[in-house]
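Shown below: target14.cif, with mmCIF, C-alpha atoms.
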data_my_file
loop_
_atom_site.label_atom_id
_atom_site.label_comp_id
_atom_site.auth_asym_id
_atom_site.auth_seq_id
_atom_site.Cartn_x
_atom_site.Cartn_y
_atom_site.Cartn_z
CA MET D 1 -88.23 -128.04 4.45
CA THR D 2 -85.68 -127.98 7.26
CA LEU D 3 -81.96 -127.85 6.60
CA PRO D 4 -81.31 -131.46 7.74
CA ARG D 5 -84.00 -132.76 5.34
CA THR D 6 -82.56 -130.63 2.52
CA MET D 7 -79.08 -132.02 3.11
CA GLU D 8 -80.52 -135.52 3.24
CA LYS D 9 -82.21 -134.95 -0.13
CA ILE D 10 -78.96 -133.71 -1.69
CA TYR D 11 -77.16 -136.74 -0.25
CA ASP D 12 -79.75 -139.07 -1.78
CA ILE D 13 -79.28 -137.43 -5.21
CA ILE D 14 -75.48 -137.72 -5.03
CA TYR D 15 -75.74 -141.33 -3.83
CA SER D 16 -78.11 -142.22 -6.67
CA ALA D 17 -75.74 -140.65 -9.20
CA LEU D 18 -72.79 -142.52 -7.72
CA MET D 19 -74.66 -145.76 -7.91
CA ALA D 20 -75.76 -145.08 -11.50
CA TYR D 21 -72.54 -143.72 -13.00
CA GLY D 22 -69.82 -144.34 -10.46
CA ASN D 23 -66.98 -142.07 -9.46
CA LEU D 24 -65.97 -141.47 -13.08
CA GLY D 25 -69.43 -140.15 -13.92
CA ILE D 26 -69.48 -137.77 -10.97
CA VAL D 27 -66.01 -136.47 -11.78
CA LEU D 28 -66.81 -135.99 -15.47
CA ALA D 29 -70.10 -134.25 -14.72
CA SER D 30 -68.46 -131.93 -12.19
CA VAL D 31 -65.59 -131.08 -14.55
CA ILE D 32 -67.90 -130.41 -17.49
CA ILE D 33 -70.19 -128.12 -15.46
CA VAL D 34 -67.34 -126.18 -13.86
CA LEU D 35 -65.56 -125.70 -17.20
CA LEU D 36 -68.83 -124.61 -18.81
CA ILE D 37 -69.45 -121.96 -16.16
CA ALA D 38 -65.86 -120.69 -16.38
CA GLN D 39 -66.07 -120.32 -20.17
CA ILE D 40 -69.43 -118.55 -20.02
CA VAL D 41 -67.99 -116.07 -17.52
CA LEU D 42 -64.97 -115.44 -19.76
CA HIS D 43 -66.96 -114.98 -22.96
CA LEU D 44 -69.75 -112.85 -21.54
CA GLY D 45 -67.69 -110.97 -18.98
CA ILE D 46 -64.58 -110.23 -21.08
CA TYR D 47 -65.00 -110.81 -24.82
CA GLY D 48 -68.65 -109.77 -24.75
CA ARG D 49 -67.63 -106.24 -23.76
CA VAL D 50 -66.54 -105.50 -27.33
CA ALA D 51 -70.11 -105.58 -28.64
CA SER D 52 -71.58 -103.67 -25.69
CA PHE D 53 -68.89 -100.99 -25.37
CA ARG D 54 -69.92 -97.36 -25.89
CA LEU D 55 -67.26 -94.68 -26.20
CA MET D 56 -69.66 -91.98 -25.02
CA ASN D 57 -69.58 -93.50 -21.53
CA ASN D 58 -66.00 -92.25 -21.18
CA LYS D 59 -65.15 -88.81 -19.83
CA GLN D 60 -65.05 -86.23 -22.63
CA LEU D 61 -61.79 -84.28 -22.92
CA ARG D 62 -62.39 -82.16 -26.03
CA ASP D 63 -65.37 -80.42 -27.57
CA LYS D 64 -64.64 -81.38 -31.17
CA GLU D 65 -62.51 -83.57 -33.38
CA PRO D 66 -59.01 -82.15 -33.97
CA ALA D 67 -57.07 -81.77 -37.22
CA ILE D 68 -55.40 -85.10 -38.09
CA SER D 69 -52.20 -86.20 -39.80
CA VAL D 70 -52.46 -89.72 -41.28
CA VAL D 71 -49.01 -91.31 -41.67
CA VAL D 72 -48.44 -94.18 -44.13
CA PRO D 73 -45.09 -95.94 -44.76
CA LEU D 74 -44.75 -97.20 -48.33
CA PHE D 75 -42.00 -99.69 -49.21
CA ALA D 76 -42.87 -100.60 -52.79
CA GLU D 77 -43.49 -98.91 -56.14
CA ASP D 78 -47.16 -99.81 -55.99
CA ASN D 79 -49.10 -97.85 -58.60
CA ASN D 80 -52.27 -99.67 -57.60
CA TYR D 81 -51.90 -98.15 -54.14
CA LEU D 82 -51.68 -94.66 -55.63
CA ASP D 83 -54.81 -95.22 -57.72
CA THR D 84 -57.02 -96.92 -55.14
CA THR D 85 -56.14 -97.02 -51.43
CA LEU D 86 -54.38 -93.67 -51.32
CA THR D 87 -57.29 -92.05 -53.14
CA THR D 88 -59.64 -93.54 -50.56
CA LEU D 89 -57.55 -91.96 -47.81
CA LEU D 90 -57.33 -88.60 -49.53
CA THR D 91 -61.10 -88.40 -50.11
CA GLN D 92 -62.15 -89.07 -46.52
CA ASP D 93 -65.11 -87.05 -45.31
CA TYR D 94 -63.27 -84.93 -42.75
CA ALA D 95 -62.78 -81.21 -42.38
CA GLU D 96 -59.05 -80.79 -41.77
CA PHE D 97 -56.44 -83.48 -42.31
CA GLU D 98 -53.30 -84.37 -44.22
CA VAL D 99 -51.93 -87.67 -45.48
CA VAL D 100 -48.17 -88.09 -45.03
CA VAL D 101 -46.87 -90.86 -47.30
CA VAL D 102 -43.31 -91.90 -46.45
CA TYR D 103 -41.93 -93.60 -49.56
CA VAL D 104 -38.85 -95.78 -48.93
CA GLY D 105 -37.18 -96.57 -52.24
CA ASN D 106 -35.02 -95.34 -55.10
CA CYS D 107 -37.47 -94.91 -57.98
CA ASP D 108 -37.56 -91.20 -58.79
CA ASP D 109 -40.32 -91.69 -61.35
CA PHE D 110 -42.60 -93.31 -58.80
CA PHE D 111 -41.99 -90.56 -56.26
CA ALA D 112 -42.70 -87.99 -59.00
CA ASP D 113 -46.04 -89.71 -59.63
CA LEU D 114 -46.74 -89.52 -55.91
CA GLN D 115 -45.89 -85.83 -55.83
CA SER D 116 -48.06 -85.14 -58.88
CA LEU D 117 -51.14 -86.14 -56.85
CA GLN D 118 -50.65 -82.97 -54.82
CA ARG D 119 -52.19 -81.02 -57.70
CA LEU D 120 -55.47 -82.82 -57.06
CA TYR D 121 -55.05 -83.27 -53.30
CA PRO D 122 -53.13 -80.39 -51.66
CA HIS D 123 -53.42 -82.14 -48.28
CA LEU D 124 -51.07 -84.90 -49.50
CA SER D 125 -47.54 -84.63 -48.08
CA PRO D 126 -45.03 -86.99 -49.74
CA VAL D 127 -41.75 -87.77 -47.96
CA HIS D 128 -38.86 -89.66 -49.59
CA ILE D 129 -36.29 -91.87 -47.84
CA ASP D 130 -33.58 -93.39 -50.04
CA TYR D 131 -33.22 -97.11 -49.63
CA SER D 132 -29.80 -98.68 -49.18
CA PRO D 133 -29.16 -102.40 -48.58
CA ARG D 134 -26.30 -101.40 -46.28
CA TYR D 135 -28.63 -99.33 -44.07
CA PRO D 136 -32.09 -100.98 -44.08
CA VAL D 137 -35.06 -98.79 -43.23
CA SER D 138 -37.60 -100.53 -41.00
CA THR D 139 -41.26 -99.65 -40.59
CA LYS D 140 -40.39 -97.97 -37.29
CA ILE D 141 -37.87 -95.65 -38.93
CA ALA D 142 -40.29 -94.73 -41.71
CA LEU D 143 -43.03 -93.99 -39.18
CA ASN D 144 -40.67 -91.93 -37.04
CA VAL D 145 -39.84 -89.79 -40.08
CA GLY D 146 -43.53 -89.46 -40.92
CA PHE D 147 -44.53 -88.38 -37.42
CA LYS D 148 -41.81 -85.75 -37.32
CA SER D 149 -42.98 -84.47 -40.70
CA ALA D 150 -46.65 -84.31 -39.66
CA LYS D 151 -47.91 -80.78 -39.12
CA TYR D 152 -50.88 -81.53 -36.86
CA ASP D 153 -50.81 -82.41 -33.16
CA PHE D 154 -52.81 -85.61 -33.59
CA VAL D 155 -51.69 -88.44 -35.84
CA ILE D 156 -53.07 -91.77 -37.03
CA ALA D 157 -50.65 -94.43 -38.22
CA THR D 158 -51.86 -96.85 -40.88
CA SER D 159 -50.26 -99.16 -43.44
CA SER D 160 -50.17 -99.27 -47.22
CA ASP D 161 -51.81 -102.73 -46.98
CA ALA D 162 -54.96 -101.33 -45.38
CA THR D 163 -57.94 -99.71 -47.10
CA PRO D 164 -60.64 -97.82 -45.15
CA ASN D 165 -64.05 -99.44 -45.55
CA SER D 166 -65.93 -96.14 -45.69
CA GLU D 167 -65.43 -92.44 -46.29
CA ARG D 168 -66.17 -91.88 -42.59
CA TRP D 169 -63.26 -94.00 -41.35
CA LEU D 170 -61.16 -90.98 -40.42
CA SER D 171 -63.97 -88.95 -38.89
CA LEU D 172 -65.04 -91.83 -36.65
CA LEU D 173 -61.47 -92.50 -35.48
CA ALA D 174 -61.03 -88.77 -34.89
CA LYS D 175 -64.02 -88.79 -32.54
CA GLY D 176 -61.93 -91.00 -30.30
CA PHE D 177 -59.64 -88.06 -29.63
CA MET D 178 -62.55 -86.30 -27.92
CA TYR D 179 -62.30 -88.96 -25.18
CA GLY D 180 -58.60 -89.76 -25.01
CA ASP D 181 -55.11 -89.09 -26.32
CA ILE D 182 -54.77 -92.58 -27.82
CA VAL D 183 -57.22 -94.07 -30.30
CA LEU D 184 -57.43 -97.77 -31.15
CA GLY D 185 -59.35 -99.00 -34.20
CA TYR D 186 -60.00 -102.37 -35.77
CA SER D 187 -58.45 -103.75 -38.94
CA GLY D 188 -59.60 -107.00 -40.55
CA ILE D 189 -58.38 -109.21 -43.37
CA GLU D 190 -59.93 -108.75 -46.82
CA HIS D 191 -62.76 -111.15 -47.64
CA LEU D 192 -61.71 -113.31 -50.60
CA GLY D 193 -63.72 -116.45 -49.92
CA GLY D 194 -62.51 -120.00 -49.41
CA PHE D 195 -61.44 -121.95 -46.32
CA ARG D 196 -57.92 -120.52 -46.23
CA ASN D 197 -59.18 -116.95 -46.23
CA PHE D 198 -61.73 -117.91 -43.57
CA ILE D 199 -58.92 -119.06 -41.25
CA PHE D 200 -56.93 -115.87 -41.90
CA ARG D 201 -59.92 -113.70 -41.04
CA GLU D 202 -60.99 -115.74 -38.01
CA TYR D 203 -57.53 -115.55 -36.47
CA GLN D 204 -57.32 -111.78 -36.99
CA PHE D 205 -60.83 -111.30 -35.63
CA ASN D 206 -60.30 -113.38 -32.48
CA GLU D 207 -56.86 -111.91 -31.79
CA SER D 208 -58.28 -108.40 -32.13
CA VAL D 209 -61.25 -109.11 -29.87
CA ALA D 210 -58.78 -110.20 -27.17
CA TRP D 211 -56.72 -106.99 -27.18
CA LEU D 212 -59.73 -104.73 -27.78
CA SER D 213 -61.49 -106.22 -24.76
CA ALA D 214 -58.31 -105.68 -22.74
CA ALA D 215 -58.19 -102.01 -23.80
CA ILE D 216 -61.85 -101.60 -22.84
CA ARG D 217 -60.91 -102.96 -19.40
CA HIS D 218 -58.08 -100.36 -19.19
CA ARG D 219 -55.34 -102.94 -19.73
CA THR D 220 -54.06 -101.95 -23.16
CA TYR D 221 -51.24 -104.08 -24.52
CA SER D 222 -51.73 -104.13 -28.30
CA ALA D 223 -53.01 -102.08 -31.23
CA SER D 224 -53.68 -102.47 -34.93
CA ARG D 225 -50.76 -101.38 -37.10
CA SER D 226 -53.35 -100.00 -39.52
CA ALA D 227 -55.46 -97.93 -37.10
CA LEU D 228 -53.46 -96.44 -34.22
CA GLY D 229 -53.88 -92.78 -33.30
CA PHE D 230 -52.20 -90.69 -30.62
CA LYS D 231 -51.29 -87.16 -29.62
CA LYS D 232 -47.82 -86.21 -30.83
CA SER D 233 -46.72 -85.04 -27.40
CA LEU D 234 -46.98 -88.64 -26.20
CA TYR D 235 -44.75 -89.68 -29.07
CA PHE D 236 -42.07 -87.11 -28.27
CA ASP D 237 -42.25 -87.78 -24.53
CA ALA D 238 -41.57 -91.45 -25.27
CA ARG D 239 -38.80 -90.47 -27.73
CA GLY D 240 -40.48 -92.23 -30.60
CA PHE D 241 -40.52 -95.93 -31.28
CA ASP D 242 -38.23 -97.98 -29.08
CA HIS D 243 -36.85 -101.50 -29.70
CA LEU D 244 -35.36 -100.41 -33.03
CA ASN D 245 -33.51 -103.72 -33.24
CA MET D 246 -36.89 -105.41 -33.75
CA ASN D 247 -38.55 -105.24 -37.14
CA VAL D 248 -42.08 -106.14 -36.05
CA GLY D 249 -44.54 -105.23 -33.32
CA GLU D 250 -43.81 -101.50 -33.30
CA ASN D 251 -47.51 -100.80 -32.74
CA ASP D 252 -47.77 -103.08 -29.70
CA LEU D 253 -44.57 -102.02 -27.99
CA PHE D 254 -45.18 -98.32 -28.58
CA VAL D 255 -48.75 -98.33 -27.29
CA GLN D 256 -47.56 -100.13 -24.15
CA GLN D 257 -45.16 -97.22 -23.54
CA ILE D 258 -47.74 -94.47 -23.83
CA ALA D 259 -51.02 -96.05 -22.64
CA THR D 260 -52.43 -95.46 -19.16
CA ARG D 261 -55.72 -96.53 -17.61
CA ASP D 262 -57.43 -93.28 -18.63
CA ASN D 263 -55.98 -92.05 -21.94
CA VAL D 264 -57.14 -94.77 -24.38
CA SER D 265 -60.24 -94.54 -26.60
CA VAL D 266 -61.52 -97.59 -28.45
CA VAL D 267 -63.51 -96.82 -31.60
CA LEU D 268 -65.75 -99.67 -32.74
CA SER D 269 -68.04 -99.32 -35.73
CA PRO D 270 -68.46 -101.14 -39.07
CA ARG D 271 -67.70 -97.81 -40.76
CA ALA D 272 -64.57 -97.22 -38.67
CA ILE D 273 -62.63 -100.29 -39.81
CA CYS D 274 -60.08 -100.87 -42.53
CA THR D 275 -59.23 -104.05 -44.40
CA GLU D 276 -55.72 -105.41 -44.84
CA ARG D 277 -54.64 -106.91 -48.13
CA VAL D 278 -53.68 -110.58 -48.39
CA TRP D 279 -50.27 -111.02 -50.04
CA GLY D 280 -50.02 -114.79 -50.27
CA GLY D 281 -51.18 -118.18 -49.10
CA TRP D 282 -50.52 -120.40 -46.12
CA GLY D 283 -46.75 -119.78 -46.17
CA TRP D 284 -47.13 -116.00 -46.16
CA TRP D 285 -49.71 -116.10 -43.39
CA TRP D 286 -47.72 -118.53 -41.21
CA ARG D 287 -44.53 -116.46 -41.52
CA ARG D 288 -46.53 -113.35 -40.62
CA LEU D 289 -47.89 -114.96 -37.45
CA LYS D 290 -44.48 -116.24 -36.38
CA LEU D 291 -42.97 -112.79 -36.86
CA LEU D 292 -45.66 -111.15 -34.77
CA GLN D 293 -45.34 -113.89 -32.14
CA THR D 294 -41.77 -112.75 -31.43
CA THR D 295 -43.09 -109.59 -29.73
CA HIS D 296 -45.16 -111.48 -27.14
CA ARG D 297 -42.21 -111.84 -24.79
CA PHE D 298 -42.28 -108.05 -24.40
CA TYR D 299 -45.96 -107.95 -23.39
CA PRO D 300 -46.85 -106.97 -19.80
CA LYS D 301 -47.15 -109.88 -17.42
CA GLY D 302 -50.67 -111.25 -17.53
CA ALA D 303 -51.65 -109.54 -20.78
CA LEU D 304 -52.32 -112.85 -22.53
CA LEU D 305 -53.71 -114.61 -19.44
CA PRO D 306 -57.41 -114.42 -20.50
CA THR D 307 -56.57 -115.85 -23.94
CA ILE D 308 -54.39 -118.65 -22.55
CA THR D 309 -56.94 -119.43 -19.83
CA GLU D 310 -59.82 -119.65 -22.30
CA LEU D 311 -57.85 -121.91 -24.66
CA CYS D 312 -56.92 -124.28 -21.82
CA LEU D 313 -60.49 -124.36 -20.50
CA ARG D 314 -61.76 -125.07 -24.00
CA VAL D 315 -59.37 -128.00 -24.52
CA LEU D 316 -60.23 -129.50 -21.12
CA PHE D 317 -63.94 -129.06 -21.79
CA PHE D 318 -63.71 -130.80 -25.17
CA ALA D 319 -61.64 -133.60 -23.63
CA ALA D 320 -64.19 -134.13 -20.84
CA VAL D 321 -67.08 -134.22 -23.31
CA VAL D 322 -65.23 -136.71 -25.53
CA ALA D 323 -64.51 -138.88 -22.47
CA ALA D 324 -68.19 -138.82 -21.56
CA LEU D 325 -69.15 -139.86 -25.09
CA ALA D 326 -66.60 -142.67 -25.04
CA PHE D 327 -67.18 -144.22 -21.60
CA MET D 328 -70.56 -143.22 -20.18
CA PRO D 329 -74.12 -144.56 -20.74
CA TRP D 330 -76.35 -143.11 -23.45
CA GLU D 331 -78.30 -140.74 -21.18
CA PHE D 332 -75.01 -139.29 -19.89
CA LYS D 333 -73.85 -138.83 -23.49
CA ILE D 334 -77.01 -136.93 -24.33
CA ALA D 335 -76.48 -134.68 -21.30
CA ALA D 336 -72.84 -134.04 -22.30
CA ILE D 337 -73.87 -133.14 -25.86
CA THR D 338 -76.57 -130.83 -24.48
CA VAL D 339 -74.05 -129.02 -22.29
CA ALA D 340 -71.61 -128.73 -25.23
CA MET D 341 -74.39 -127.22 -27.36
CA LEU D 342 -75.22 -124.75 -24.56
CA ARG D 343 -71.59 -123.65 -24.49
CA TYR D 344 -71.57 -123.24 -28.25
CA PHE D 345 -74.75 -121.13 -28.22
CA VAL D 346 -73.18 -118.79 -25.64
CA VAL D 347 -69.97 -118.54 -27.68
CA MET D 348 -71.93 -117.86 -30.86
CA PHE D 349 -74.02 -115.21 -29.11
CA VAL D 350 -70.82 -113.31 -28.29
CA VAL D 351 -69.17 -113.96 -31.67
CA VAL D 352 -72.19 -112.84 -33.70
CA ARG D 353 -72.54 -109.59 -31.74
CA ASN D 354 -68.81 -108.84 -31.91
CA ALA D 355 -68.66 -109.60 -35.64
CA ALA D 356 -71.58 -107.25 -36.29
CA ARG D 357 -69.93 -104.51 -34.22
CA LEU D 358 -66.65 -104.87 -36.12
CA GLY D 359 -68.24 -105.14 -39.55
CA GLU D 360 -67.10 -108.72 -40.13
CA THR D 361 -69.34 -110.84 -42.37
CA GLY D 362 -69.16 -114.48 -43.40
CA LEU D 363 -67.40 -115.74 -40.26
CA THR D 364 -70.15 -117.04 -38.03
CA ALA D 365 -71.48 -119.86 -40.24
CA MET D 366 -68.27 -121.91 -39.91
CA HIS D 367 -67.07 -120.62 -36.55
CA PHE D 368 -67.57 -124.06 -34.99
CA ILE D 369 -64.66 -125.34 -37.13
CA TYR D 370 -62.31 -122.61 -35.94
CA ASP D 371 -63.54 -123.09 -32.38
CA ILE D 372 -62.20 -126.65 -32.47
CA ILE D 373 -58.90 -126.11 -34.28
CA GLU D 374 -57.79 -122.81 -32.72
CA PRO D 375 -56.11 -124.31 -29.61
CA PHE D 376 -53.97 -126.59 -31.80
CA LEU D 377 -53.17 -123.75 -34.20
CA ARG D 378 -51.93 -121.55 -31.38
CA LEU D 379 -49.95 -124.38 -29.83
CA PHE D 380 -48.13 -125.02 -33.11
CA LEU D 381 -47.49 -121.30 -33.44
CA VAL D 382 -45.82 -121.14 -30.03
CA LEU D 383 -43.75 -124.26 -30.68
CA PHE D 384 -42.46 -123.06 -34.06
CA SER D 385 -41.88 -119.37 -33.26
CA TYR D 386 -38.49 -119.72 -31.59
CA LYS D 387 -36.58 -118.76 -34.74
CA LYS D 388 -35.49 -115.13 -35.10
CA TYR D 389 -36.57 -113.41 -38.29
CA LYS D 390 -35.09 -110.27 -39.86
CA LYS D 391 -37.87 -109.08 -42.12
CA SER D 392 -38.76 -105.39 -42.30
CA TRP D 393 -41.82 -105.51 -44.52
CA LEU D 394 -44.26 -105.95 -41.61
#

Kindly present the structure from the file in structure tokens form.
Amino acid sequence: MTLPRTMEKIYDIIYSALMAYGNLGIVLASVIIVLLIAQIVLHLGIYGRVASFRLMNNKQLRDKEPAISVVVPLFAEDNNYLDTTLTTLLTQDYAEFEVVVVYVGNCDDFFADLQSLQRLYPHLSPVHIDYSPRYPVSTKIALNVGFKSAKYDFVIATSSDATPNSERWLSLLAKGFMYGDIVLGYSGIEHLGGFRNFIFREYQFNESVAWLSAAIRHRTYSASRSALGFKKSLYFDARGFDHLNMNVGENDLFVQQIATRDNVSVVLSPRAICTERVWGGWGWWWRRLKLLQTTHRFYPKGALLPTITELCLRVLFFAAVVAALAFMPWEFKIAAITVAMLRYFVVMFVVVRNAARLGETGLTAMHFIYDIIEPFLRLFLVLFSYKKYKKSWL
């Protein structure tokens, strides 16, 4: 078939479509197809890298895992923490490590209980900071004290809210130091069941996939506050945590200071994750998100562009599909629904693989609900995050 005949055939198809559905139909069809292709490229090309990433493809810097200091700030007299989470940390299957617990408070009896654990676990190193309402101690200050007290050259910062999901959590994170001076791990929200908990976990999962995929693409801008490792020389070169006037986001702002294109290792395994404790309901969760949102203005330019772009494309795609269902003939509606289902299958393909890689269970069955409400949730978060908060418990 010659080129003129081919062009004539294409013209006949376009003319037939115009006659059947009019200009509105052509515009809607074009918009839906273009938005579909753009979303597929984003999901498979960016977010899909989380499931397919292999640390071994990076250049190896060290022959073995180094000795590790795990630093944990503790701001409450939490005996349950001493009996459960701390024990899980202290019994990790790893050759040489210490756990530095920085207790901020004034209860001598509680600190004595913490010190008494050294009889069973000599690699526990308790540190005490007196609390004074006149001179508040933020998470940054507690971590700074812990890092300076750590005796090993490689440290992993975690939180008292987070519990490792396996006895190999530390050993798997430590393997990251064989390939870089900074190690990023994943931390999810504990699985309690119910719709509210589902939303909490979905938000954490999707937010983490965004910054993990950025780190895999050598554009690190964020890190989990419960699984961030680095070489101490980087810490001292950067003079510790900056932005001391801010009480949240120390993990993000610090990793932005020390990360380069070549010194970050991302460790992804169901056995290398930890789970953060839920401390309340909708109010607690919403305040937590708004506090963390205040750090976004310090992110590098373009760091959130993939997330914002995908959300906008998703909203426009849904709007175009709804318009097709409202105004177009039945065969056009069937085509629009078919395209929407195709998009959803691609999204679910990526989500299922990422969830399996990060050890998340129970999210995929209702992901379609979160897929619809997430753009509105994030819009409300931006609109209501202008207020400045002065909380130090994050």

Handout entry: Exercise: range 129-142 of chain D partners within 6 Å, only C-alpha atoms, chain neighbours under 2 positions left out, as a list in words
Key =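 Surrounding residues, per the criterion: Pro73, Val104, Gly105, Asn106, Asn144, Val145 and Ser392 of chain D.
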
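Computed from the coordinates, the CA of Ser160 in chain D to CA of Leu212 in chain D distance equals 22.3 Å.
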
Handout entry: Option closest in space to Thr87 in chain D, from D:Glu190, D:Glu374, D:Glu207, D:Glu167 [counting all atoms listed in the file]
Key =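 Among the listed residues, D:Glu167 lies closest to Thr87 in chain D.
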
Given the file shown, enumerate the residues that the PyMOL selection byres ((chain D and resi 92) around 10) captures and present them as a CSV table (one decimal) with C-alpha atoms, keeping the file's coordinate frame.
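Written file, part_6.csv:
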chain,number,residue,atom,x,y,z
D,87,THR,CA,-57.3,-92.0,-53.1
D,88,THR,CA,-59.6,-93.5,-50.6
D,89,LEU,CA,-57.6,-92.0,-47.8
D,90,LEU,CA,-57.3,-88.6,-49.5
D,91,THR,CA,-61.1,-88.4,-50.1
D,93,ASP,CA,-65.1,-87.0,-45.3
D,94,TYR,CA,-63.3,-84.9,-42.8
D,95,ALA,CA,-62.8,-81.2,-42.4
D,97,PHE,CA,-56.4,-83.5,-42.3
D,164,PRO,CA,-60.6,-97.8,-45.2
D,166,SER,CA,-65.9,-96.1,-45.7
D,167,GLU,CA,-65.4,-92.4,-46.3
D,168,ARG,CA,-66.2,-91.9,-42.6
D,169,TRP,CA,-63.3,-94.0,-41.4
D,170,LEU,CA,-61.2,-91.0,-40.4
D,171,SER,CA,-64.0,-89.0,-38.9

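This file gives the following result for the PyMOL selection byres ((chain D and resi 346) around 12): Leu36, Ile37, Ala38, Gln39, Ile40, Val41, Leu42, His43, Leu44, Gly45, Tyr47, Gly48, Val339, Ala340, Met341, Leu342, Arg343, Tyr344, Phe345, Val347, Met348, Phe349, Val350, Val351, Val352 and Arg353 of chain D.
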
Go ahead and write the selection's residues with C-alpha atoms as a compact mmCIF listing (two decimals), keeping the file's coordinate frame.
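Final output, selection.txt:
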# COMPACT_ATOMS: atom_id res chain seq x y z
CA LEU D 36 -68.83 -124.61 -18.81
CA ILE D 37 -69.45 -121.96 -16.16
CA ALA D 38 -65.86 -120.69 -16.38
CA GLN D 39 -66.07 -120.32 -20.17
CA ILE D 40 -69.43 -118.55 -20.02
CA VAL D 41 -67.99 -116.07 -17.52
CA LEU D 42 -64.97 -115.44 -19.76
CA HIS D 43 -66.96 -114.98 -22.96
CA LEU D 44 -69.75 -112.85 -21.54
CA GLY D 45 -67.69 -110.97 -18.98
CA TYR D 47 -65.00 -110.81 -24.82
CA GLY D 48 -68.65 -109.77 -24.75
CA VAL D 339 -74.05 -129.02 -22.29
CA ALA D 340 -71.61 -128.73 -25.23
CA MET D 341 -74.39 -127.22 -27.36
CA LEU D 342 -75.22 -124.75 -24.56
CA ARG D 343 -71.59 -123.65 -24.49
CA TYR D 344 -71.57 -123.24 -28.25
CA PHE D 345 -74.75 -121.13 -28.22
CA VAL D 347 -69.97 -118.54 -27.68
CA MET D 348 -71.93 -117.86 -30.86
CA PHE D 349 -74.02 -115.21 -29.11
CA VAL D 350 -70.82 -113.31 -28.29
CA VAL D 351 -69.17 -113.96 -31.67
CA VAL D 352 -72.19 -112.84 -33.70
CA ARG D 353 -72.54 -109.59 -31.74

Take the PyMOL selection byres ((chain D and resi 312) around 12), run it mentally on this structure, and tell me the resulting residues as a PDB file with C-alpha atoms, keeping the file's coordinate frame.
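Generated file (result.pdb):
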ATOM      1  CA  LEU D  35     -65.560-125.700 -17.200  1.00  0.00           C
ATOM      2  CA  ALA D  38     -65.860-120.690 -16.380  1.00  0.00           C
ATOM      3  CA  GLN D  39     -66.070-120.320 -20.170  1.00  0.00           C
ATOM      4  CA  LEU D 305     -53.710-114.610 -19.440  1.00  0.00           C
ATOM      5  CA  PRO D 306     -57.410-114.420 -20.500  1.00  0.00           C
ATOM      6  CA  THR D 307     -56.570-115.850 -23.940  1.00  0.00           C
ATOM      7  CA  ILE D 308     -54.390-118.650 -22.550  1.00  0.00           C
ATOM      8  CA  THR D 309     -56.940-119.430 -19.830  1.00  0.00           C
ATOM      9  CA  GLU D 310     -59.820-119.650 -22.300  1.00  0.00           C
ATOM     10  CA  LEU D 311     -57.850-121.910 -24.660  1.00  0.00           C
ATOM     11  CA  LEU D 313     -60.490-124.360 -20.500  1.00  0.00           C
ATOM     12  CA  ARG D 314     -61.760-125.070 -24.000  1.00  0.00           C
ATOM     13  CA  VAL D 315     -59.370-128.000 -24.520  1.00  0.00           C
ATOM     14  CA  LEU D 316     -60.230-129.500 -21.120  1.00  0.00           C
ATOM     15  CA  PHE D 317     -63.940-129.060 -21.790  1.00  0.00           C
ATOM     16  CA  PHE D 318     -63.710-130.800 -25.170  1.00  0.00           C
ATOM     17  CA  ALA D 319     -61.640-133.600 -23.630  1.00  0.00           C
ATOM     18  CA  GLU D 374     -57.790-122.810 -32.720  1.00  0.00           C
ATOM     19  CA  PRO D 375     -56.110-124.310 -29.610  1.00  0.00           C
ATOM     20  CA  PHE D 376     -53.970-126.590 -31.800  1.00  0.00           C
ATOM     21  CA  ARG D 378     -51.930-121.550 -31.380  1.00  0.00           C
ATOM     22  CA  LEU D 379     -49.950-124.380 -29.830  1.00  0.00           C
TER      23      LEU D 379
END

Problem - Atomic separation - CA of Leu381 in chain D relative to CA of Ser187 in chain D, Å - result: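 These two atoms are separated by 21.4 Å.
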
Handout entry: Spatial neighbours of range 322-331 of chain D, 12 Å, only C-alpha atoms, chain gap at least 5 places, as a PyMOL selection string
Key = chain D and resi 20-32+315-317+336-340

Handout entry: One-decimal distance in Å that lies between CA of His191 in chain D and CA of Ser52 in chain D
Key =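 Interatomic distance, CA of Ser52 in chain D to CA of His191 in chain D: 24.8 Å.
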
Identify the residues around (-58.5, -102.1, -29.5) within a radius of 8 Å, measuring from all atoms listed in the file in the coordinates stated by the file, and give them as an mmCIF file with C-alpha atoms, keeping the file's coordinate frame.
data_model
loop_
_atom_site.group_PDB
_atom_site.id
_atom_site.type_symbol
_atom_site.label_atom_id
_atom_site.label_comp_id
_atom_site.auth_asym_id
_atom_site.auth_seq_id
_atom_site.Cartn_x
_atom_site.Cartn_y
_atom_site.Cartn_z
ATOM 1 C CA LEU D 184 -57.430 -97.770 -31.150
ATOM 2 C CA GLY D 185 -59.350 -99.000 -34.200
ATOM 3 C CA TYR D 186 -60.000 -102.370 -35.770
ATOM 4 C CA SER D 208 -58.280 -108.400 -32.130
ATOM 5 C CA VAL D 209 -61.250 -109.110 -29.870
ATOM 6 C CA TRP D 211 -56.720 -106.990 -27.180
ATOM 7 C CA LEU D 212 -59.730 -104.730 -27.780
ATOM 8 C CA SER D 213 -61.490 -106.220 -24.760
ATOM 9 C CA ALA D 214 -58.310 -105.680 -22.740
ATOM 10 C CA ALA D 215 -58.190 -102.010 -23.800
ATOM 11 C CA ILE D 216 -61.850 -101.600 -22.840
ATOM 12 C CA THR D 220 -54.060 -101.950 -23.160
ATOM 13 C CA SER D 222 -51.730 -104.130 -28.300
ATOM 14 C CA ALA D 223 -53.010 -102.080 -31.230
ATOM 15 C CA SER D 224 -53.680 -102.470 -34.930
ATOM 16 C CA VAL D 266 -61.520 -97.590 -28.450
ATOM 17 C CA VAL D 267 -63.510 -96.820 -31.600
#
